[in-house]
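What follows is start-v3.cif (mmCIF, C-alpha atoms).
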```cif
data_upload
#
loop_
_atom_site.label_atom_id
_atom_site.label_comp_id
_atom_site.auth_asym_id
_atom_site.auth_seq_id
_atom_site.Cartn_x
_atom_site.Cartn_y
_atom_site.Cartn_z
CA MET A 362 1.32 7.40 -3.64
CA ARG A 363 -2.33 6.89 -2.75
CA ALA A 364 -2.16 9.94 -0.51
CA GLU A 365 -0.83 12.11 -3.33
CA ALA A 366 -3.47 10.86 -5.80
CA LEU A 367 -6.24 11.63 -3.30
CA ARG A 368 -4.73 15.03 -2.52
CA GLN A 369 -4.72 15.89 -6.21
CA ALA A 370 -8.35 14.81 -6.55
CA LEU A 371 -9.36 16.98 -3.60
CA SER A 372 -7.36 19.95 -4.86
CA GLY A 373 -9.55 19.98 -7.94
CA MET A 374 -12.54 20.71 -5.71
CA GLY A 375 -11.15 23.44 -3.47
CA SER A 376 -8.15 24.57 -1.45
CA VAL A 377 -6.29 21.79 0.37
CA ALA A 378 -3.89 21.94 3.32
CA THR A 379 -1.68 18.87 3.80
CA VAL A 380 -0.22 17.74 7.13
CA VAL A 381 2.24 14.83 7.25
CA VAL A 382 2.38 12.85 10.50
CA PRO A 383 5.58 10.82 10.89
CA VAL A 384 5.13 7.42 12.53
CA ALA A 385 8.77 6.30 12.72
CA GLU A 386 11.81 7.10 14.81
CA PRO A 387 13.45 10.41 13.81
CA ASP A 388 16.39 10.04 11.43
CA SER A 389 19.53 11.08 13.31
CA GLU A 390 20.60 13.03 10.23
CA GLY A 391 17.21 14.61 9.64
CA ASP A 392 15.94 18.02 10.62
CA ALA A 393 14.60 17.70 14.16
CA SER A 394 11.89 20.25 13.41
CA THR A 395 10.21 17.77 11.06
CA HIS A 396 9.58 15.44 13.97
CA VAL A 397 7.75 17.81 16.32
CA ALA A 398 4.50 15.92 15.88
CA LEU A 399 6.22 12.59 16.54
CA LEU A 400 7.83 13.87 19.74
CA SER A 401 4.44 15.19 20.83
CA ALA A 402 3.01 11.73 20.27
CA TYR A 403 5.60 10.11 22.52
CA GLN A 404 4.87 12.65 25.22
CA GLY A 405 1.11 12.47 24.74
CA ALA A 406 0.17 8.85 25.43
CA ARG A 407 -2.10 10.08 28.22
CA SER A 408 -3.79 12.53 25.87
CA TRP A 409 -6.37 9.87 24.99
CA LEU A 410 -7.90 10.44 28.41
CA ALA A 411 -8.93 13.98 27.49
CA TYR A 412 -11.62 12.66 25.09
CA PRO A 413 -14.62 10.42 25.89
CA ARG A 414 -13.97 8.31 22.80
CA GLY A 415 -10.31 8.03 23.78
CA ARG A 416 -11.15 6.87 27.30
CA ALA A 417 -13.61 4.29 25.95
CA LEU A 418 -10.96 3.04 23.53
CA LEU A 419 -8.32 2.68 26.22
CA GLY A 420 -10.73 0.56 28.23
CA GLN A 421 -11.07 -1.95 25.42
CA VAL A 422 -7.82 -1.88 23.42
CA SER A 423 -4.65 -2.68 25.34
CA PRO A 424 -1.92 -2.55 24.37
CA MET A 425 -2.39 -0.02 21.60
CA PRO A 426 -1.08 -0.93 18.13
CA GLN A 427 2.48 0.38 17.70
CA ARG A 428 1.74 3.05 15.11
CA VAL A 429 -1.35 4.16 17.01
CA ARG A 430 0.89 4.91 19.98
CA LEU A 431 2.93 7.17 17.70
CA ALA A 432 -0.17 9.08 16.58
CA SER A 433 -1.98 9.99 19.79
CA PRO A 434 -4.50 12.85 20.11
CA ALA A 435 -1.53 14.99 21.17
CA VAL A 436 -0.52 14.98 17.51
CA GLY A 437 -3.95 16.34 16.65
CA VAL A 438 -3.36 19.16 19.13
CA ALA A 439 -0.05 19.88 17.38
CA VAL A 440 -1.92 20.00 14.06
CA LEU A 441 -4.39 22.52 15.51
CA ASP A 442 -1.51 24.65 16.74
CA HIS A 443 -0.05 24.53 13.23
CA ILE A 444 -3.21 25.56 11.36
CA GLY A 445 -4.20 28.23 13.87
CA LYS A 446 -7.76 29.50 13.39
CA GLU A 447 -8.17 28.05 9.91
CA ARG A 448 -11.07 25.60 9.61
CA PHE A 449 -12.07 23.11 6.90
CA ASP A 450 -15.24 21.69 5.41
CA THR A 451 -13.71 18.21 5.24
CA VAL A 452 -10.84 16.55 7.10
CA TYR A 453 -9.50 13.55 5.17
CA ILE A 454 -7.28 11.24 7.24
CA LEU A 455 -5.34 8.37 5.69
CA ARG A 456 -4.80 5.06 7.50
CA ASN A 457 -6.58 3.70 10.53
CA TYR A 458 -3.61 4.17 12.85
CA LEU A 459 -4.03 7.97 12.54
CA ALA A 460 -7.61 7.86 13.84
CA GLY A 461 -6.61 9.27 17.23
CA VAL A 462 -5.31 12.43 15.55
CA ALA A 463 -8.93 13.21 14.62
CA LEU A 464 -10.23 13.46 18.20
CA PRO A 465 -9.09 17.02 19.03
CA LEU A 466 -9.88 18.14 15.49
CA GLN A 467 -13.44 16.90 15.86
CA VAL A 468 -13.83 18.90 19.07
CA GLU A 469 -12.51 22.12 17.52
CA MET A 470 -14.25 21.64 14.14
CA PRO A 471 -17.70 20.24 15.02
CA ASP A 472 -19.20 21.37 11.71
CA SER A 473 -16.55 19.64 9.58
CA HIS A 474 -16.98 16.27 7.91
CA PHE A 475 -14.38 13.63 8.79
CA VAL A 476 -13.33 10.88 6.39
CA LEU A 477 -10.99 8.02 7.26
CA ASP A 478 -9.26 6.34 4.32
CA ILE A 479 -7.97 2.95 5.52
CA ASP A 480 -6.66 1.76 2.11
CA GLU A 481 -6.72 -1.84 3.39
CA VAL A 482 -7.96 -3.70 6.49
CA ASP A 483 -4.82 -3.95 8.64
CA ALA A 484 -6.03 -6.85 10.77
CA GLY A 485 -6.62 -8.94 7.66
CA VAL A 486 -3.04 -8.44 6.49
CA ALA A 487 -1.67 -9.42 9.92
CA ARG A 488 -3.73 -12.63 9.89
CA GLN A 489 -2.39 -13.54 6.47
CA LEU A 490 1.15 -13.07 7.80
CA ALA A 491 0.29 -15.31 10.76
CA ARG A 492 -0.85 -18.03 8.38
CA LEU A 493 2.34 -17.82 6.32
CA SER A 494 4.49 -17.93 9.45
CA ASP A 495 2.65 -21.00 10.68
CA GLU A 496 3.07 -22.72 7.31
CA ALA A 497 6.79 -21.87 7.43
CA GLY A 498 7.13 -23.66 10.78
CA ASP A 499 7.50 -20.50 12.88
CA PRO A 500 4.68 -20.74 15.47
CA ASP A 501 6.14 -18.00 17.67
CA ARG A 502 6.03 -15.43 14.89
CA ALA A 503 2.59 -16.69 13.85
CA SER A 504 1.39 -16.08 17.41
CA GLN A 505 2.83 -12.56 17.36
CA TYR A 506 1.00 -11.75 14.15
CA GLU A 507 -2.24 -13.21 15.52
CA CYS A 508 -1.95 -11.03 18.63
CA GLU A 509 -1.26 -8.00 16.43
CA ALA A 510 -4.30 -8.84 14.30
CA ASP A 511 -6.54 -9.04 17.38
CA ILE A 512 -5.30 -5.66 18.61
CA LEU A 513 -5.74 -4.03 15.18
CA ASP A 514 -9.20 -5.57 14.92
CA ARG A 515 -10.33 -4.19 18.28
CA PHE A 516 -8.91 -0.77 17.46
CA ALA A 517 -10.77 -0.72 14.13
CA ARG A 518 -14.06 -1.73 15.76
CA PHE A 519 -13.89 1.22 18.13
CA SER A 520 -12.34 3.87 15.90
CA LEU A 521 -14.07 3.42 12.52
CA PRO A 522 -17.47 4.65 13.81
CA TRP A 523 -15.88 8.01 14.77
CA PHE A 524 -15.96 9.08 11.12
CA ASP A 525 -18.67 10.32 8.78
CA ALA A 526 -17.33 8.03 6.06
CA VAL A 527 -14.72 5.29 5.69
CA ALA A 528 -12.98 4.80 2.34
CA CYS A 529 -10.88 1.91 1.05
CA ALA A 530 -9.03 1.03 -2.14
CA SER A 531 -10.87 -2.01 -3.46
CA LYS A 532 -14.18 -3.83 -3.45
CA PRO A 533 -12.80 -6.83 -1.48
CA GLU A 534 -11.72 -4.43 1.28
CA LEU A 535 -15.17 -2.84 1.17
CA ALA A 536 -16.73 -6.26 1.67
CA LEU A 537 -14.46 -6.86 4.68
CA LEU A 538 -15.53 -3.55 6.20
CA GLN A 539 -19.17 -4.50 5.88
CA GLU A 540 -18.70 -8.07 7.08
CA HIS A 541 -16.42 -7.52 10.08
CA TYR A 542 -17.26 -4.00 11.24
CA ALA A 543 -20.78 -3.35 9.88
CA ILE A 544 -19.39 -0.22 8.21
CA SER A 545 -20.90 1.01 4.95
CA GLY A 546 -17.76 2.38 3.36
CA VAL A 547 -16.97 3.65 -0.10
CA CYS A 548 -14.40 2.44 -2.63
CA ILE A 549 -12.00 4.99 -4.08
CA PRO A 550 -9.60 3.10 -6.35
CA ASN A 551 -5.87 3.56 -6.47
CA THR A 552 -4.55 5.39 -9.49
CA VAL A 553 -1.43 6.46 -11.29
CA SER A 554 -0.82 9.82 -12.86
CA SER A 555 -1.69 10.10 -16.52
CA SER A 556 1.78 11.59 -17.01
CA VAL A 557 3.37 8.14 -16.62
CA LEU A 558 1.43 6.57 -19.47
CA VAL A 559 3.95 5.72 -22.17
CA ASP A 560 3.55 4.67 -25.78
CA SER A 561 6.83 2.81 -26.26
CA ARG A 562 9.58 1.22 -24.20
CA ARG A 563 13.31 0.75 -24.61
CA VAL A 564 14.08 -2.95 -24.17
CA ASP A 565 17.44 -4.51 -25.09
CA ASP A 566 18.28 -8.19 -25.63
CA ILE A 567 18.82 -9.01 -21.94
CA PHE A 568 15.74 -10.54 -20.28
CA ARG A 569 15.20 -8.50 -17.10
CA MET A 570 12.57 -9.32 -14.49
CA LEU A 571 11.71 -6.34 -12.29
CA PHE A 572 10.68 -6.62 -8.64
CA VAL A 573 9.62 -3.36 -6.92
CA GLY A 574 8.69 -2.96 -3.26
CA ASN A 575 9.59 -1.69 0.18
CA LEU A 576 11.84 -4.50 1.42
CA ASP A 577 11.25 -3.68 5.07
CA TYR A 578 7.66 -4.83 4.56
CA ALA A 579 7.17 -8.50 5.44
CA PRO A 580 4.88 -9.42 2.49
CA ASN A 581 7.45 -8.01 0.03
CA GLN A 582 10.25 -9.90 1.78
CA ASP A 583 8.29 -13.14 1.48
CA ALA A 584 7.61 -12.53 -2.22
CA LEU A 585 11.25 -11.76 -2.96
CA PHE A 586 12.47 -14.84 -1.10
CA ARG A 587 10.16 -16.96 -3.28
CA LEU A 588 11.68 -15.48 -6.42
CA LEU A 589 15.27 -15.87 -5.26
CA ARG A 590 14.95 -19.39 -3.92
CA HIS A 591 12.45 -21.10 -6.18
CA VAL A 592 11.96 -19.21 -9.45
CA LEU A 593 15.06 -17.29 -10.58
CA PRO A 594 17.46 -20.29 -10.56
CA ARG A 595 15.03 -22.29 -12.72
CA VAL A 596 14.48 -19.37 -15.11
CA ARG A 597 18.24 -19.06 -15.59
CA GLU A 598 18.47 -22.75 -16.43
CA GLN A 599 16.37 -21.95 -19.49
CA VAL A 600 17.44 -18.33 -20.14
CA ALA A 601 21.10 -18.08 -19.16
CA ASP A 602 21.37 -14.29 -19.25
CA ALA A 603 18.08 -13.61 -17.42
CA ARG A 604 18.39 -11.15 -14.55
CA LEU A 605 16.25 -10.15 -11.59
CA VAL A 606 16.37 -6.41 -10.88
CA VAL A 607 15.38 -5.63 -7.28
CA VAL A 608 14.27 -2.07 -6.51
CA GLY A 609 13.16 -0.84 -3.11
CA ARG A 610 14.17 0.66 0.18
CA GLY A 611 15.51 -1.64 2.92
CA GLY A 612 16.19 -5.33 2.60
CA ASP A 613 19.84 -5.17 3.67
CA GLN A 614 19.67 -8.62 5.25
CA ILE A 615 18.22 -10.17 2.08
CA ALA A 616 20.83 -8.45 -0.08
CA ALA A 617 23.61 -9.68 2.22
CA GLU A 618 22.37 -13.26 1.84
CA TYR A 619 21.78 -13.21 -1.90
CA GLY A 620 23.85 -10.25 -3.06
CA SER A 621 26.57 -12.38 -4.63
CA ASP A 622 24.12 -14.61 -6.47
CA ALA A 623 24.42 -14.54 -10.24
CA GLY A 624 21.61 -12.85 -12.05
CA VAL A 625 20.51 -10.40 -9.33
CA ASP A 626 20.91 -6.64 -9.55
CA TRP A 627 20.32 -4.90 -6.21
CA LEU A 628 19.47 -1.26 -6.86
CA GLY A 629 17.94 -0.27 -3.52
CA TYR A 630 15.94 2.94 -3.51
CA VAL A 631 16.01 4.72 -6.88
CA THR A 632 14.85 8.22 -7.72
CA ASP A 633 14.03 7.35 -11.34
CA LEU A 634 11.78 4.31 -11.18
CA GLU A 635 10.49 5.02 -14.68
CA ALA A 636 13.91 4.12 -16.12
CA GLN A 637 13.68 0.68 -14.48
CA TYR A 638 10.21 0.07 -15.87
CA GLN A 639 11.46 1.11 -19.27
CA SER A 640 14.46 -1.23 -19.33
CA ALA A 641 12.70 -4.28 -17.86
CA SER A 642 11.24 -7.09 -19.94
CA ILE A 643 8.52 -8.10 -17.46
CA GLY A 644 7.47 -7.29 -13.91
CA VAL A 645 7.04 -9.99 -11.27
CA VAL A 646 4.72 -9.59 -8.24
CA PRO A 647 4.42 -12.95 -6.41
CA LEU A 648 2.79 -11.62 -3.21
CA ARG A 649 1.06 -14.07 -0.89
CA VAL A 650 -0.15 -11.40 1.55
CA GLY A 651 -1.87 -8.09 1.00
CA GLY A 652 -5.01 -5.99 0.87
CA GLY A 653 -6.29 -3.03 -1.09
CA SER A 654 -4.85 -3.00 -4.60
CA ARG A 655 -1.29 -2.93 -5.87
CA ILE A 656 -0.22 0.49 -7.10
CA LYS A 657 3.00 -1.14 -8.35
CA ILE A 658 0.92 -3.19 -10.82
CA LEU A 659 -0.96 -0.11 -12.01
CA GLU A 660 2.35 1.71 -12.48
CA ALA A 661 3.72 -1.16 -14.52
CA PHE A 662 0.56 -1.23 -16.62
CA ALA A 663 0.90 2.48 -17.29
CA GLN A 664 4.56 2.04 -18.24
CA GLY A 665 3.75 -0.71 -20.73
CA LEU A 666 5.42 -3.47 -18.71
CA PRO A 667 3.94 -7.00 -18.93
CA ILE A 668 3.21 -8.45 -15.50
CA VAL A 669 3.29 -11.91 -13.95
CA ALA A 670 1.55 -11.76 -10.57
CA SER A 671 -0.08 -13.92 -7.96
CA SER A 672 -3.83 -13.92 -7.38
CA LYS A 673 -3.25 -12.11 -4.10
CA ALA A 674 -1.23 -9.40 -5.83
CA ALA A 675 -3.96 -8.93 -8.42
CA GLN A 676 -6.72 -8.91 -5.80
CA GLY A 677 -8.71 -5.71 -5.86
CA LEU A 678 -8.07 -5.15 -9.57
CA ALA A 679 -10.74 -6.21 -12.07
CA VAL A 680 -8.24 -8.00 -14.31
CA GLN A 681 -8.20 -11.39 -16.01
CA HIS A 682 -5.44 -13.93 -16.46
CA GLY A 683 -4.15 -13.83 -20.01
CA ARG A 684 -5.80 -10.50 -20.75
CA GLU A 685 -4.17 -7.72 -18.69
CA LEU A 686 -1.56 -9.90 -16.96
CA MET A 687 -0.49 -13.47 -16.28
CA ILE A 688 -1.59 -14.91 -12.94
CA ALA A 689 0.55 -17.61 -11.32
CA ASP A 690 0.29 -18.73 -7.70
CA ASP A 691 2.82 -21.52 -7.27
CA HIS A 692 6.46 -21.76 -8.29
CA ASP A 693 5.82 -24.00 -11.29
CA ALA A 694 3.10 -21.74 -12.63
CA MET A 695 5.28 -18.67 -12.11
CA LEU A 696 8.14 -20.31 -14.00
CA GLU A 697 5.84 -21.38 -16.83
CA ALA A 698 4.35 -17.89 -17.18
CA ILE A 699 7.75 -16.18 -17.18
CA LEU A 700 9.20 -18.57 -19.76
CA HIS A 701 6.10 -18.20 -21.89
CA LEU A 702 6.59 -14.44 -22.02
CA THR A 703 10.28 -14.79 -22.87
CA GLU A 704 9.27 -16.51 -26.09
CA ASN A 705 5.95 -14.91 -26.98
CA THR A 706 6.30 -11.24 -27.91
CA GLN A 707 2.77 -11.16 -29.32
CA GLN A 708 1.38 -12.21 -25.94
CA ARG A 709 3.46 -9.54 -24.21
CA ASP A 710 2.21 -6.88 -26.60
CA ALA A 711 -1.41 -7.97 -26.10
CA LEU A 712 -1.07 -7.84 -22.30
CA VAL A 713 0.39 -4.34 -22.51
CA ARG A 714 -2.38 -3.14 -24.78
CA HIS A 715 -5.21 -4.44 -22.59
CA ALA A 716 -3.51 -3.33 -19.37
CA ARG A 717 -3.16 0.24 -20.57
CA ARG A 718 -6.82 0.39 -21.53
CA PHE A 719 -7.70 -1.03 -18.11
CA VAL A 720 -5.79 1.72 -16.30
CA GLU A 721 -7.37 4.44 -18.40
CA ARG A 722 -10.85 2.97 -17.87
CA GLU A 723 -10.77 1.95 -14.20
CA HIS A 724 -7.87 3.71 -12.45
CA SER A 725 -7.33 7.08 -14.06
CA PRO A 726 -7.24 10.33 -12.04
CA ALA A 727 -10.60 11.20 -13.62
CA VAL A 728 -12.17 8.06 -12.10
CA VAL A 729 -10.79 8.91 -8.66
CA SER A 730 -12.06 12.50 -8.93
CA ARG A 731 -15.56 11.25 -9.76
CA GLN A 732 -15.54 8.88 -6.81
CA MET A 733 -14.26 11.62 -4.51
CA ARG A 734 -16.99 14.01 -5.63
CA SER A 735 -19.59 11.32 -4.97
CA LEU A 736 -18.15 10.73 -1.51
CA LEU A 737 -18.17 14.43 -0.56
CA HIS A 738 -21.69 14.81 -1.92
CA TRP A 739 -22.80 11.81 0.13
CA ILE A 740 -21.43 13.12 3.44
CA GLY A 741 -22.25 16.75 2.70
#
```
As structure tokens - that is how I would like this structure written.
Amino acid sequence: MRAEALRQALSGMGSVATVVVPVAEPDSEGDASTHVALLSAYQGARSWLAYPRGRALLGQVSPMPQRVRLASPAVGVAVLDHIGKERFDTVYILRNYLAGVALPLQVEMPDSHFVLDIDEVDAGVARQLARLSDEAGDPDRASQYECEADILDRFARFSLPWFDAVACASKPELALLQEHYAISGVCIPNTVSSSVLVDSRRVDDIFRMLFVGNLDYAPNQDALFRLLRHVLPRVREQVADARLVVVGRGGDQIAAEYGSDAGVDWLGYVTDLEAQYQSASIGVVPLRVGGGSRIKILEAFAQGLPIVASSKAAQGLAVQHGRELMIADDHDAMLEAILHLTENTQQRDALVRHARRFVEREHSPAVVSRQMRSLLHWIG
């Protein structure tokens, strides 16, 4: 979603060509032609050696982060083959793990400006997951996350300086860039399309709490477990017909464990997310791990859905507890905030009103376009 918002902002300034680099195993039912770049990456692990920066990186970062291995410079060569002789003023690459793709492009397009949009600092997220694993009594997993964080950190230290500019999604991430990597980046906020802003919602008498997220992503799994184990049962003690609606790809193991529990609707991936926002009473985002800023919160704001979120989930958004959303970090506070909103329609309406103004003021497409123009002017 961030990629599409940035693409739209860039398209307002000139012609844009978009290349999608897959960093996952090919789907056995998918079209094999869509995975040419991925196959090239598997075959091109040695392609780093063709570039001085690649050789220097290999000498310092071993093993490579998993997704980096799936996006070697060989993928960049495949991109060059695809675009032929066409050249660009700016090459905008999203996510740090695609940095290696830039190396052959930089050789062939020496006059182009290269921007890396990291969204969030990956090593920071891995360290947060290590802390949670340690607190949960799983030292082996904590150690794995710490090792992953160290590898991601070393990769970032070597790869970020390859670019003319580094962009991120929030001011806290910008501060991390400056503190840990001595990189003067720029903040381009996440946004939602103005087309999703709604003036009214269809809510029936059933109190529905909506949880949205990719359930193959560990921070979302942790947040959902907290809701299922510690919050939902207590909410239903007070509001008997309350339901938790779970939307997102993956999570089969969680659904198998809790699928028969009363009060949970497992929808999986849905093509019409707007309908779920419209029928929900509140949204719940109890993340304990994360970086950047939560597009799911901005979407809910735009759809007029009151939100109860953790401080971590709200991080990166200039919002206040009790104004744009309710912030609750422990189970008791989450329960109290949810029950408060079940009874207080005036509070819900006030949150919705302030949240919508916040999105229009701070996270509209127009704001992103202004920031993008400033960035291109700065590097140009």
Item to check | Selection dump of the PyMOL selection byres ((chain A and resi 449) around 12), as a list of chain:residue names | outcome: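 Selected by the PyMOL selection byres ((chain A and resi 449) around 12) here: A:Gly375, A:Ser376, A:Val377, A:Ala378, A:Thr379, A:Leu441, A:Ile444, A:Gly445, A:Lys446, A:Glu447, A:Arg448, A:Asp450, A:Thr451, A:Val452, A:Tyr453, A:Leu466, A:Gln467, A:Glu469, A:Met470, A:Pro471, A:Asp472, A:Ser473, A:His474, A:Phe475.
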Checklist entry - Near stretch 668-677 of chain A, within 10 Å and counting only C-alpha atoms, which residues show up once chain neighbours fewer than 2 positions away are dropped, as JSON, numbers by chain? => result {"A": [530, 531, 532, 533, 534, 535, 550, 551, 570, 571, 584, 642, 643, 644, 645, 646, 647, 648, 649, 650, 651, 652, 653, 654, 655, 657, 658, 659, 661, 662, 665, 666, 679, 680, 681, 682, 683, 685, 686, 687, 688, 689, 690, 691, 694, 695, 696, 698, 699, 702, 709, 712, 713, 716]}
Restricting the output to C-alpha atoms, write the selected residues as a short mmCIF file (atom, residue, chain, number, x, y, z; two decimals), in the coordinates of the input.
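In the end it all went to again_26.cif:
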```cif
data_model
loop_
_atom_site.label_atom_id
_atom_site.label_comp_id
_atom_site.auth_asym_id
_atom_site.auth_seq_id
_atom_site.Cartn_x
_atom_site.Cartn_y
_atom_site.Cartn_z
CA ALA A 530 -9.03 1.03 -2.14
CA SER A 531 -10.87 -2.01 -3.46
CA LYS A 532 -14.18 -3.83 -3.45
CA PRO A 533 -12.80 -6.83 -1.48
CA GLU A 534 -11.72 -4.43 1.28
CA LEU A 535 -15.17 -2.84 1.17
CA PRO A 550 -9.60 3.10 -6.35
CA ASN A 551 -5.87 3.56 -6.47
CA MET A 570 12.57 -9.32 -14.49
CA LEU A 571 11.71 -6.34 -12.29
CA ALA A 584 7.61 -12.53 -2.22
CA SER A 642 11.24 -7.09 -19.94
CA ILE A 643 8.52 -8.10 -17.46
CA GLY A 644 7.47 -7.29 -13.91
CA VAL A 645 7.04 -9.99 -11.27
CA VAL A 646 4.72 -9.59 -8.24
CA PRO A 647 4.42 -12.95 -6.41
CA LEU A 648 2.79 -11.62 -3.21
CA ARG A 649 1.06 -14.07 -0.89
CA VAL A 650 -0.15 -11.40 1.55
CA GLY A 651 -1.87 -8.09 1.00
CA GLY A 652 -5.01 -5.99 0.87
CA GLY A 653 -6.29 -3.03 -1.09
CA SER A 654 -4.85 -3.00 -4.60
CA ARG A 655 -1.29 -2.93 -5.87
CA LYS A 657 3.00 -1.14 -8.35
CA ILE A 658 0.92 -3.19 -10.82
CA LEU A 659 -0.96 -0.11 -12.01
CA ALA A 661 3.72 -1.16 -14.52
CA PHE A 662 0.56 -1.23 -16.62
CA GLY A 665 3.75 -0.71 -20.73
CA LEU A 666 5.42 -3.47 -18.71
CA ALA A 679 -10.74 -6.21 -12.07
CA VAL A 680 -8.24 -8.00 -14.31
CA GLN A 681 -8.20 -11.39 -16.01
CA HIS A 682 -5.44 -13.93 -16.46
CA GLY A 683 -4.15 -13.83 -20.01
CA GLU A 685 -4.17 -7.72 -18.69
CA LEU A 686 -1.56 -9.90 -16.96
CA MET A 687 -0.49 -13.47 -16.28
CA ILE A 688 -1.59 -14.91 -12.94
CA ALA A 689 0.55 -17.61 -11.32
CA ASP A 690 0.29 -18.73 -7.70
CA ASP A 691 2.82 -21.52 -7.27
CA ALA A 694 3.10 -21.74 -12.63
CA MET A 695 5.28 -18.67 -12.11
CA LEU A 696 8.14 -20.31 -14.00
CA ALA A 698 4.35 -17.89 -17.18
CA ILE A 699 7.75 -16.18 -17.18
CA LEU A 702 6.59 -14.44 -22.02
CA ARG A 709 3.46 -9.54 -24.21
CA LEU A 712 -1.07 -7.84 -22.30
CA VAL A 713 0.39 -4.34 -22.51
CA ALA A 716 -3.51 -3.33 -19.37
#
```
Evaluate the PyMOL selection byres ((chain A and resi 520-529) around 6) and record the selected residues as a PDB file with C-alpha atoms, in the frame of the given file, following the chain and residue labels used in the document.
```
ATOM      1  CA  PHE A 475     -14.380  13.630   8.790  1.00  0.00           C
ATOM      2  CA  VAL A 476     -13.330  10.880   6.390  1.00  0.00           C
ATOM      3  CA  LEU A 477     -10.990   8.020   7.260  1.00  0.00           C
ATOM      4  CA  ASP A 478      -9.260   6.340   4.320  1.00  0.00           C
ATOM      5  CA  ILE A 479      -7.970   2.950   5.520  1.00  0.00           C
ATOM      6  CA  ASP A 480      -6.660   1.760   2.110  1.00  0.00           C
ATOM      7  CA  PHE A 516      -8.910  -0.770  17.460  1.00  0.00           C
ATOM      8  CA  ALA A 517     -10.770  -0.720  14.130  1.00  0.00           C
ATOM      9  CA  ARG A 518     -14.060  -1.730  15.760  1.00  0.00           C
ATOM     10  CA  PHE A 519     -13.890   1.220  18.130  1.00  0.00           C
ATOM     11  CA  ALA A 530      -9.030   1.030  -2.140  1.00  0.00           C
ATOM     12  CA  SER A 531     -10.870  -2.010  -3.460  1.00  0.00           C
ATOM     13  CA  GLY A 546     -17.760   2.380   3.360  1.00  0.00           C
ATOM     14  CA  VAL A 547     -16.970   3.650  -0.100  1.00  0.00           C
ATOM     15  CA  CYS A 548     -14.400   2.440  -2.630  1.00  0.00           C
TER      16      CYS A 548
END
```
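For the atom pair formed by atom CA of A:Ser735 and atom CA of A:Gly485, the distance is 27.2 Å, given to one decimal.
Across the chains present, the PyMOL selection byres ((chain A and resi 574) around 9) applied to this file returns Phe572, Val573, Asn575, Leu576, Asp577, Tyr578, Asn581, Gln582, Val607, Val608, Gly609, Arg610 and Lys657 of chain A.
You will find atom CA of A:Val436 at 5.8 Å from atom CA of A:Val462.
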Next on the checklist: Counting only C-alpha atoms, which residues have an atom no more than 12 Å from (-3.0, 12.4, -4.6) in the file's coordinates? Please list them as a PyMOL selection string.
Outcome noted: chain A and resi 362-373+377+379+453+455+549-554+725-727+729-730+733
Next on the checklist: One number please: atom CA of A:Ala503 to atom CA of A:Asp483, in Å, one decimal.
Outcome noted: 15.6 Å
Item to check | Contacts of A:Gln599 at 8 Å (all atoms listed in the file; same-chain gap of 3+ positions) as a PyMOL selection string | outcome: chain A and resi 595-596+700
Please produce an output containing C-alpha atoms for each residue in the selection, written as a CSV table (one decimal), in the coordinates of the input.
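Result file selection-v3.csv:
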```csv
chain,number,residue,atom,x,y,z
A,595,ARG,CA,15.0,-22.3,-12.7
A,596,VAL,CA,14.5,-19.4,-15.1
A,700,LEU,CA,9.2,-18.6,-19.8
```
How big is the axis-aligned box, and where does its centre sit, when it encloses all atoms of stretch 468-472 of chain A listed in the file and has 8 Å added on every side, reported in Å to one decimal as lines of an AutoDock Vina configuration file?
```
center_x = -15.9
center_y = 20.5
center_z = 15.4
size_x = 22.7
size_y = 19.2
size_z = 23.4
```
Item to check | Exercise: A:Met425 partners within 12 Å, only C-alpha atoms, chain neighbours under 3 positions left out, as a PyMOL selection string | outcome: chain A and resi 406+409+415+418-422+428-433+458+461+508-517
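Of the residues listed (A:Ala411, A:Glu697, A:Arg684, A:Ser640), A:Arg684 shows the shortest atom-to-atom separation from A:Ala711; distances use only C-alpha atoms.
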Checklist outcome for this item: Using all atoms listed in the file, the best pick from A:Asn457, A:Ser494, A:Ser408, A:Thr632 as closest to A:Val482 would be A:Asn457
